[in-house]
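Asks: Shown below is the structure under consideration.
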Amino acid sequence: MRKFIPYGHQWIDSNDIKEVVKILKTDWITQGPKIEKFEKAVAKYCETKYAVAVSSGTAALQAAYMVAGIGFGDEVITTPLTFAATANALVSCGAEPVFADIYEDSLNINPEEIKKKITPKTKAIVSVDFAGHPCDYDEILAIAKKHKLLVIEDASHALGSKYRGKKIGGIADLTIFSFHPVKLITTGEGGMILTNRKDFYEKLKALRHHGIIKKPNKESWYYEIKNPGYNFRITDFQCALGLSQLKKINIFLKKRREIVTRYKHAFKNTRELILPLEENYVKSAWHIYVIQLKQEKLKVGRKEIFKTFQKYGLGVQIHYMPIHLHPFYRKKFNYKKGSFPIAEKYYERAITLPIFPKMKNEEIDNVIKIVKKTINFYKK
């Protein structure tokens, strides 16, 4: 058993390694056929028409924003409870992220709060499926349709999740995934944008490769750039790893759900904790498992409990400090503490526990034991 149990960790096996080595021995280690094969496999799994693989989840966000036409002077409504890339990529496009507070139970953006933030400058809604729990898309899509807005889904946590029986990937106008090592499947670094719109698909393919467009009726060396792009390319050996990982996605999802079931059963009578919710109309991929402390029932604050967990070998983490509290967003957009009370209340009491498919039974038992022991020690 590990002396230190991280909150997340990749599962790379011998088959994954073999598939990567195969590509490294070929002529095509980048810009080759494995990339399209990986894209088609993910699109098929997610029941979506098109997919474009890129170098990271952040690159996927920026590419999605750019093909959606988001730029200077635009406002985009999103949640303050997300990794900074969701908002940072908007700022890099020249847009202003306009935050809307979250539900207290699912921790996802509240559609009623979205309605309050819409102005003539609003261009899109960026939803974030926090921890893998899909947002309330019936409400969000209805709002978007009424106000003629695009919906871009940051599903970095949610590959494998379902909303009302439909797999995440084809619900929004554009959906992005991340393949960082702590995510459901990994390519090392990497990301992907999914869409059912062919126009977005064609623009994404050009954007990730400097904006280059080949002309079939021209010489093989000829290309044109109508709009500048970036080098957002992913490699063939990364995609070989992704394809191999994708074959195991159902195993990974099953393992995560098994761990969640054990946590839920173990902590159900621990009155000092608030456990994460899964609505009955969704299936979460359970990217992370976040408990919240009922501070009024404890002798000490979150900081002391966090340190105690770490002392006993739990690689706990905090996901996330709300974006509006970071110095840049306070200064540039005049946000302050108290702007989004539900997200802030969550942040003050949240701790992410270890959860990843390769966790051993004794590691799960150890997490449960340490959490219970610590909470019992500090409870009033």
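Labeling convention for the structure tokens: chains A, B, ... as they appear, residues from 1 per chain, ligands from 1 in order of appearance.
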Give me, as a count of residues only, all polymer residues having an atom no more than 10 Å from region 230-242 of chain A, counting only C-alpha atoms and skipping those fewer than 6 positions away in the same chain.

Replies: 55

Asks: If we count only C-alpha atoms and set the cut-off at 9 Å, which residues sit around region 335-350 of chain A, ignoring sequence neighbours fewer than 2 positions away in its own chain? Please answer as an MDAnalysis selection string.

Replies: chainID A and resid 79:81 99:104 107 290:295 301:302 317:322 324:325 329:333 352

Asks: Write the selection just made, keeping C-alpha atoms, as a CSV table (one decimal), in the first residue's frame?

Replies:
chain,number,residue,atom,x,y,z
A,79,THR,CA,-19.5,29.4,-12.9
A,80,PRO,CA,-17.0,30.7,-10.4
A,81,LEU,CA,-16.5,27.1,-9.2
A,99,PHE,CA,-20.0,34.6,-13.1
A,100,ALA,CA,-23.3,33.2,-11.9
A,101,ASP,CA,-23.6,31.5,-8.5
A,102,ILE,CA,-24.1,27.7,-8.1
A,103,TYR,CA,-26.6,25.3,-6.6
A,104,GLU,CA,-25.8,24.4,-3.1
A,107,LEU,CA,-22.5,22.6,-7.0
A,290,VAL,CA,-15.6,16.2,-2.4
A,291,ILE,CA,-16.8,16.2,1.2
A,292,GLN,CA,-17.9,19.4,3.0
A,293,LEU,CA,-17.3,20.0,6.7
A,294,LYS,CA,-20.2,21.2,8.9
A,295,GLN,CA,-18.0,23.7,10.7
A,301,GLY,CA,-11.5,24.7,11.0
A,302,ARG,CA,-10.9,23.2,7.6
A,317,GLN,CA,-6.9,18.6,-2.3
A,318,ILE,CA,-9.2,21.6,-2.6
A,319,HIS,CA,-11.3,22.0,-5.8
A,320,TYR,CA,-11.4,25.0,-6.1
A,321,MET,CA,-11.0,28.5,-4.8
A,322,PRO,CA,-13.7,30.3,-6.7
A,324,HIS,CA,-13.6,35.6,-8.6
A,325,LEU,CA,-11.4,35.5,-5.5
A,329,TYR,CA,-10.2,38.8,-11.3
A,330,ARG,CA,-10.8,41.0,-8.3
A,331,LYS,CA,-8.7,43.8,-9.8
A,332,LYS,CA,-9.7,43.5,-13.5
A,333,PHE,CA,-13.4,42.8,-13.0
A,352,THR,CA,-11.4,16.4,-2.0

Asks: Between CA of Val371 (chain A) and CA of Arg257 (chain A), what distance in Å does the model show, to one decimal?

Replies: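 So the answer is 19.1 Å.
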
Asks: Given the choices A:Ile288, A:Ile259, A:Ala124, A:Leu174, which gets closest to Tyr201 (chain A) if the distance is worked out from only C-alpha atoms?

Replies: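 For Tyr201 (chain A), the nearest of the candidates is A:Leu174.
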
Asks: What is the distance, in Å and to one decimal place, between CA of Arg271 (chain A) and CA of Lys299 (chain A)?

Replies: 13.9 Å

Asks: As a compact mmCIF listing (two decimals) with N, CA and C atoms, in the first residue's frame, please: all residues of region 122-302 of chain A that backbone DSSP puts in alpha helix (DSSP H).

Replies:
# COMPACT_ATOMS: atom_id res chain seq x y z
N TYR A 137 -29.16 20.78 -18.03
CA TYR A 137 -29.11 21.22 -19.42
C TYR A 137 -30.48 21.53 -20.02
N ASP A 138 -31.54 20.96 -19.53
CA ASP A 138 -32.86 21.35 -20.02
C ASP A 138 -33.07 22.86 -19.81
N GLU A 139 -32.73 23.32 -18.61
CA GLU A 139 -32.90 24.73 -18.28
C GLU A 139 -31.90 25.61 -19.03
N ILE A 140 -30.64 25.19 -19.05
CA ILE A 140 -29.59 26.00 -19.68
C ILE A 140 -29.84 26.15 -21.18
N LEU A 141 -30.21 25.06 -21.84
CA LEU A 141 -30.46 25.13 -23.29
C LEU A 141 -31.69 25.97 -23.61
N ALA A 142 -32.68 25.93 -22.74
CA ALA A 142 -33.89 26.75 -22.94
C ALA A 142 -33.54 28.24 -22.84
N ILE A 143 -32.73 28.58 -21.86
CA ILE A 143 -32.28 29.97 -21.71
C ILE A 143 -31.49 30.41 -22.94
N ALA A 144 -30.57 29.55 -23.38
CA ALA A 144 -29.74 29.87 -24.53
C ALA A 144 -30.58 30.07 -25.79
N LYS A 145 -31.56 29.22 -25.98
CA LYS A 145 -32.42 29.33 -27.16
C LYS A 145 -33.22 30.63 -27.13
N LYS A 146 -33.74 30.98 -25.99
CA LYS A 146 -34.54 32.19 -25.86
C LYS A 146 -33.73 33.44 -26.19
N HIS A 147 -32.48 33.44 -25.77
CA HIS A 147 -31.65 34.63 -25.93
C HIS A 147 -30.63 34.51 -27.07
N LYS A 198 -20.96 20.89 -38.38
CA LYS A 198 -19.86 20.72 -39.32
C LYS A 198 -19.04 21.99 -39.48
N ASP A 199 -19.69 23.15 -39.43
CA ASP A 199 -18.95 24.40 -39.60
C ASP A 199 -17.94 24.60 -38.47
N PHE A 200 -18.34 24.27 -37.25
CA PHE A 200 -17.41 24.35 -36.13
C PHE A 200 -16.27 23.35 -36.29
N TYR A 201 -16.62 22.16 -36.75
CA TYR A 201 -15.61 21.10 -36.94
C TYR A 201 -14.53 21.53 -37.93
N GLU A 202 -14.93 22.08 -39.04
CA GLU A 202 -13.97 22.50 -40.06
C GLU A 202 -13.08 23.64 -39.54
N LYS A 203 -13.68 24.56 -38.81
CA LYS A 203 -12.90 25.67 -38.26
C LYS A 203 -11.91 25.18 -37.21
N LEU A 204 -12.32 24.22 -36.40
CA LEU A 204 -11.45 23.68 -35.35
C LEU A 204 -10.23 22.97 -35.94
N LYS A 205 -10.44 22.22 -37.03
CA LYS A 205 -9.33 21.51 -37.65
C LYS A 205 -8.27 22.48 -38.16
N ALA A 206 -8.71 23.59 -38.74
CA ALA A 206 -7.76 24.59 -39.23
C ALA A 206 -7.10 25.34 -38.08
N LEU A 207 -7.89 25.69 -37.07
CA LEU A 207 -7.38 26.49 -35.96
C LEU A 207 -6.24 25.79 -35.22
N ASP A 236 0.60 11.53 -32.33
CA ASP A 236 0.03 10.20 -32.59
C ASP A 236 0.27 9.25 -31.42
N PHE A 237 1.41 9.36 -30.75
CA PHE A 237 1.64 8.43 -29.64
C PHE A 237 0.76 8.77 -28.44
N GLN A 238 0.41 10.05 -28.27
CA GLN A 238 -0.58 10.39 -27.25
C GLN A 238 -1.94 9.78 -27.59
N CYS A 239 -2.31 9.86 -28.85
CA CYS A 239 -3.61 9.33 -29.27
C CYS A 239 -3.64 7.81 -29.22
N ALA A 240 -2.49 7.17 -29.43
CA ALA A 240 -2.41 5.71 -29.27
C ALA A 240 -2.69 5.34 -27.81
N LEU A 241 -2.14 6.13 -26.89
CA LEU A 241 -2.42 5.90 -25.47
C LEU A 241 -3.90 6.14 -25.18
N GLY A 242 -4.45 7.22 -25.77
CA GLY A 242 -5.87 7.52 -25.56
C GLY A 242 -6.78 6.42 -26.06
N LEU A 243 -6.47 5.86 -27.23
CA LEU A 243 -7.28 4.76 -27.77
C LEU A 243 -7.23 3.53 -26.87
N SER A 244 -6.05 3.23 -26.37
CA SER A 244 -5.90 2.09 -25.47
C SER A 244 -6.65 2.32 -24.17
N GLN A 245 -6.58 3.54 -23.66
CA GLN A 245 -7.29 3.89 -22.42
C GLN A 245 -8.81 3.82 -22.62
N LEU A 246 -9.26 4.28 -23.80
CA LEU A 246 -10.70 4.31 -24.08
C LEU A 246 -11.31 2.92 -24.03
N ILE A 249 -12.56 2.30 -20.53
CA ILE A 249 -13.33 3.36 -19.89
C ILE A 249 -14.45 2.83 -18.99
N ASN A 250 -15.11 1.76 -19.41
CA ASN A 250 -16.20 1.21 -18.59
C ASN A 250 -15.67 0.61 -17.29
N ILE A 251 -14.48 0.05 -17.35
CA ILE A 251 -13.85 -0.48 -16.13
C ILE A 251 -13.50 0.68 -15.19
N PHE A 252 -12.95 1.75 -15.75
CA PHE A 252 -12.58 2.91 -14.94
C PHE A 252 -13.82 3.52 -14.28
N LEU A 253 -14.91 3.65 -15.04
CA LEU A 253 -16.14 4.21 -14.49
C LEU A 253 -16.70 3.32 -13.39
N LYS A 254 -16.68 2.02 -13.61
CA LYS A 254 -17.20 1.06 -12.62
C LYS A 254 -16.39 1.15 -11.32
N LYS A 255 -15.08 1.22 -11.43
CA LYS A 255 -14.23 1.30 -10.24
C LYS A 255 -14.52 2.58 -9.45
N ARG A 256 -14.66 3.69 -10.17
CA ARG A 256 -14.95 4.95 -9.48
C ARG A 256 -16.29 4.88 -8.74
N ARG A 257 -17.28 4.31 -9.38
CA ARG A 257 -18.59 4.21 -8.74
C ARG A 257 -18.54 3.28 -7.53
N GLU A 258 -17.75 2.25 -7.61
CA GLU A 258 -17.60 1.35 -6.46
C GLU A 258 -16.98 2.06 -5.26
N ILE A 259 -15.99 2.90 -5.53
CA ILE A 259 -15.37 3.66 -4.44
C ILE A 259 -16.37 4.64 -3.83
N VAL A 260 -17.13 5.32 -4.69
CA VAL A 260 -18.15 6.26 -4.22
C VAL A 260 -19.18 5.53 -3.34
N THR A 261 -19.60 4.36 -3.75
CA THR A 261 -20.57 3.58 -2.97
C THR A 261 -20.01 3.26 -1.59
N ARG A 262 -18.74 2.89 -1.54
CA ARG A 262 -18.12 2.58 -0.25
C ARG A 262 -18.02 3.82 0.64
N TYR A 263 -17.63 4.95 0.05
CA TYR A 263 -17.56 6.19 0.82
C TYR A 263 -18.94 6.59 1.34
N LYS A 264 -19.92 6.51 0.46
CA LYS A 264 -21.28 6.90 0.83
C LYS A 264 -21.79 6.06 2.00
N HIS A 265 -21.55 4.77 1.93
CA HIS A 265 -22.00 3.87 3.00
C HIS A 265 -21.22 4.15 4.29
N ALA A 266 -19.92 4.36 4.17
CA ALA A 266 -19.08 4.55 5.36
C ALA A 266 -19.37 5.87 6.08
N PHE A 267 -19.71 6.92 5.32
CA PHE A 267 -19.86 8.24 5.93
C PHE A 267 -21.32 8.67 6.12
N ARG A 302 -11.30 24.03 8.70
CA ARG A 302 -10.91 23.17 7.58
C ARG A 302 -9.40 22.99 7.50

Asks: Do you know which residues are at most 6 Å from region 66-75 of chain A counting only C-alpha atoms, after dropping those on the same chain fewer than 6 positions away, and could you put them as number ranges by chain?

Replies: A: 93-96, 121-123

Asks: If you measure from CA of Asp136 (chain A) to CA of Gln10 (chain A), what distance in Å do you get, rounded to one decimal?

Replies: 29.1 Å

Asks: Could you tell me which of A:Val151, A:Val182, A:Ile114, A:Leu61 comes closest to Lys358 (chain A) if we count only C-alpha atoms?

Replies: A:Val182

Asks: Skipping near chain neighbours, those fewer than 3 positions away, what residues fall within 12 Å of region 163-172 of chain A using only C-alpha atoms, listed as a PyMOL selection string?

Replies: chain A and resi 42-51+64+124-129+132-138+140-142+144-145+149-160+175-177+192-197+278-285

Asks: Using C-alpha atoms, can you export the residues from the last selection as a PDB file, in the first residue's frame?

Replies:
ATOM      1  CA  VAL A  42     -14.324   9.283 -28.786  1.00  0.00           C
ATOM      2  CA  ALA A  43     -17.044  10.784 -30.994  1.00  0.00           C
ATOM      3  CA  LYS A  44     -18.605   7.334 -31.409  1.00  0.00           C
ATOM      4  CA  TYR A  45     -18.449   6.645 -27.671  1.00  0.00           C
ATOM      5  CA  CYS A  46     -20.080  10.013 -26.929  1.00  0.00           C
ATOM      6  CA  GLU A  47     -22.664   9.587 -29.728  1.00  0.00           C
ATOM      7  CA  THR A  48     -21.499  12.837 -31.362  1.00  0.00           C
ATOM      8  CA  LYS A  49     -20.754  13.592 -35.030  1.00  0.00           C
ATOM      9  CA  TYR A  50     -17.387  15.331 -34.839  1.00  0.00           C
ATOM     10  CA  ALA A  51     -14.338  15.495 -32.580  1.00  0.00           C
ATOM     11  CA  ALA A  64     -13.945  26.277 -28.728  1.00  0.00           C
ATOM     12  CA  ALA A 124     -22.466  32.398 -24.684  1.00  0.00           C
ATOM     13  CA  ILE A 125     -22.997  30.305 -21.583  1.00  0.00           C
ATOM     14  CA  VAL A 126     -20.109  28.106 -20.466  1.00  0.00           C
ATOM     15  CA  SER A 127     -21.339  25.318 -18.217  1.00  0.00           C
ATOM     16  CA  VAL A 128     -18.984  23.214 -16.092  1.00  0.00           C
ATOM     17  CA  ASP A 129     -19.928  19.688 -15.019  1.00  0.00           C
ATOM     18  CA  GLY A 132     -18.414  14.873 -13.309  1.00  0.00           C
ATOM     19  CA  HIS A 133     -22.022  15.745 -12.376  1.00  0.00           C
ATOM     20  CA  PRO A 134     -23.792  17.143 -15.478  1.00  0.00           C
ATOM     21  CA  CYS A 135     -25.451  20.545 -15.238  1.00  0.00           C
ATOM     22  CA  ASP A 136     -29.191  21.172 -15.619  1.00  0.00           C
ATOM     23  CA  TYR A 137     -29.114  21.220 -19.425  1.00  0.00           C
ATOM     24  CA  ASP A 138     -32.856  21.353 -20.023  1.00  0.00           C
ATOM     25  CA  ILE A 140     -29.594  25.999 -19.679  1.00  0.00           C
ATOM     26  CA  LEU A 141     -30.463  25.128 -23.286  1.00  0.00           C
ATOM     27  CA  ALA A 142     -33.886  26.750 -22.941  1.00  0.00           C
ATOM     28  CA  ALA A 144     -29.744  29.867 -24.532  1.00  0.00           C
ATOM     29  CA  LYS A 145     -32.422  29.325 -27.158  1.00  0.00           C
ATOM     30  CA  LEU A 149     -26.749  32.227 -27.080  1.00  0.00           C
ATOM     31  CA  LEU A 150     -24.273  29.424 -27.652  1.00  0.00           C
ATOM     32  CA  VAL A 151     -23.714  26.788 -24.973  1.00  0.00           C
ATOM     33  CA  ILE A 152     -20.147  25.581 -24.497  1.00  0.00           C
ATOM     34  CA  GLU A 153     -19.769  22.696 -22.071  1.00  0.00           C
ATOM     35  CA  ASP A 154     -16.572  22.388 -20.065  1.00  0.00           C
ATOM     36  CA  ALA A 155     -16.811  18.647 -19.478  1.00  0.00           C
ATOM     37  CA  SER A 156     -13.204  18.244 -18.331  1.00  0.00           C
ATOM     38  CA  HIS A 157     -14.555  16.236 -15.384  1.00  0.00           C
ATOM     39  CA  ALA A 158     -17.347  14.472 -17.219  1.00  0.00           C
ATOM     40  CA  LEU A 159     -16.209  12.038 -19.929  1.00  0.00           C
ATOM     41  CA  GLY A 160     -18.450   9.017 -19.354  1.00  0.00           C
ATOM     42  CA  THR A 175     -18.141  20.248 -25.540  1.00  0.00           C
ATOM     43  CA  ILE A 176     -14.565  19.984 -24.331  1.00  0.00           C
ATOM     44  CA  PHE A 177     -12.725  17.165 -22.563  1.00  0.00           C
ATOM     45  CA  MET A 192     -10.707  17.323 -27.340  1.00  0.00           C
ATOM     46  CA  ILE A 193     -13.610  19.386 -28.645  1.00  0.00           C
ATOM     47  CA  LEU A 194     -16.840  17.635 -29.690  1.00  0.00           C
ATOM     48  CA  THR A 195     -19.657  19.129 -31.745  1.00  0.00           C
ATOM     49  CA  ASN A 196     -22.536  18.181 -34.010  1.00  0.00           C
ATOM     50  CA  ARG A 197     -21.965  21.256 -36.190  1.00  0.00           C
ATOM     51  CA  GLU A 278     -25.880  12.633  -7.604  1.00  0.00           C
ATOM     52  CA  GLU A 279     -29.292  13.596  -8.986  1.00  0.00           C
ATOM     53  CA  ASN A 280     -31.455  10.667 -10.094  1.00  0.00           C
ATOM     54  CA  TYR A 281     -31.519  11.895 -13.721  1.00  0.00           C
ATOM     55  CA  VAL A 282     -27.734  11.874 -14.140  1.00  0.00           C
ATOM     56  CA  LYS A 283     -24.830   9.450 -13.901  1.00  0.00           C
ATOM     57  CA  SER A 284     -21.653  11.126 -12.763  1.00  0.00           C
ATOM     58  CA  ALA A 285     -18.189  10.042 -13.875  1.00  0.00           C
TER      59      ALA A 285
END

Asks: If you run DSSP on the backbone, which residues of region 163-289 of chain A are strand (DSSP E), as a list of chain:residue names?

Replies: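 The strand (DSSP E) subset of region 163-289 of chain A is A:Tyr163, A:Lys166, A:Lys167, A:Leu174, A:Thr175, A:Ile176, A:Phe177, A:Ser178, A:Gly191, A:Met192, A:Ile193, A:Leu194, A:Thr195, A:Ile212, A:Ile213, A:Lys214, A:Tyr223, A:Glu224, A:Ile225, A:Leu273, A:Ile274, A:Val282, A:Lys283, A:Tyr289.
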
Asks: Would you save the residues of that selection, restricted to N, CA and C atoms, as a compact mmCIF listing (two decimals), in the first residue's frame?

Replies:
# COMPACT_ATOMS: atom_id res chain seq x y z
N TYR A 163 -26.54 12.50 -18.97
CA TYR A 163 -27.61 13.41 -18.58
C TYR A 163 -28.90 12.91 -19.19
N LYS A 166 -28.49 10.39 -21.87
CA LYS A 166 -27.64 10.75 -23.02
C LYS A 166 -26.21 11.02 -22.55
N LYS A 167 -25.25 10.45 -23.27
CA LYS A 167 -23.85 10.66 -22.89
C LYS A 167 -23.43 12.11 -23.12
N LEU A 174 -20.78 23.07 -28.29
CA LEU A 174 -19.40 22.60 -28.25
C LEU A 174 -19.13 22.03 -26.87
N THR A 175 -18.48 20.88 -26.82
CA THR A 175 -18.14 20.25 -25.54
C THR A 175 -16.66 19.96 -25.52
N ILE A 176 -16.00 20.26 -24.40
CA ILE A 176 -14.57 19.98 -24.33
C ILE A 176 -14.26 18.97 -23.23
N PHE A 177 -13.25 18.13 -23.52
CA PHE A 177 -12.73 17.16 -22.56
C PHE A 177 -11.24 17.43 -22.32
N SER A 178 -10.77 16.96 -21.17
CA SER A 178 -9.35 16.99 -20.84
C SER A 178 -8.87 15.57 -20.62
N GLY A 191 -6.47 17.20 -25.01
CA GLY A 191 -7.86 17.59 -24.86
C GLY A 191 -8.60 17.33 -26.16
N MET A 192 -9.90 17.58 -26.15
CA MET A 192 -10.71 17.32 -27.34
C MET A 192 -11.95 18.20 -27.31
N ILE A 193 -12.37 18.64 -28.49
CA ILE A 193 -13.61 19.39 -28.65
C ILE A 193 -14.57 18.54 -29.47
N LEU A 194 -15.80 18.38 -28.98
CA LEU A 194 -16.84 17.63 -29.69
C LEU A 194 -17.96 18.57 -30.10
N THR A 195 -18.56 18.31 -31.25
CA THR A 195 -19.66 19.13 -31.75
C THR A 195 -20.46 18.34 -32.77
N ILE A 212 -4.16 26.71 -41.14
CA ILE A 212 -3.84 26.23 -42.49
C ILE A 212 -5.01 25.46 -43.10
N ILE A 213 -5.34 25.83 -44.34
CA ILE A 213 -6.38 25.13 -45.09
C ILE A 213 -5.77 24.66 -46.41
N LYS A 214 -5.86 23.36 -46.66
CA LYS A 214 -5.38 22.77 -47.92
C LYS A 214 -6.47 22.86 -48.98
N TYR A 223 -1.11 25.87 -49.56
CA TYR A 223 -2.13 26.02 -48.52
C TYR A 223 -2.44 27.51 -48.35
N GLU A 224 -3.56 27.78 -47.69
CA GLU A 224 -3.97 29.16 -47.42
C GLU A 224 -4.29 29.32 -45.93
N ILE A 225 -4.13 30.55 -45.46
CA ILE A 225 -4.54 30.91 -44.10
C ILE A 225 -5.55 32.05 -44.21
N LEU A 273 -20.32 15.79 8.26
CA LEU A 273 -19.97 15.88 6.85
C LEU A 273 -21.20 16.05 5.96
N ILE A 274 -21.01 16.79 4.87
CA ILE A 274 -21.99 16.84 3.78
C ILE A 274 -21.37 16.06 2.62
N VAL A 282 -29.08 11.86 -13.57
CA VAL A 282 -27.73 11.87 -14.14
C VAL A 282 -26.95 10.66 -13.66
N LYS A 283 -25.85 10.39 -14.37
CA LYS A 283 -24.83 9.45 -13.90
C LYS A 283 -23.51 10.18 -13.98
N TYR A 289 -14.16 13.36 -5.58
CA TYR A 289 -15.14 13.12 -4.51
C TYR A 289 -14.87 14.15 -3.42
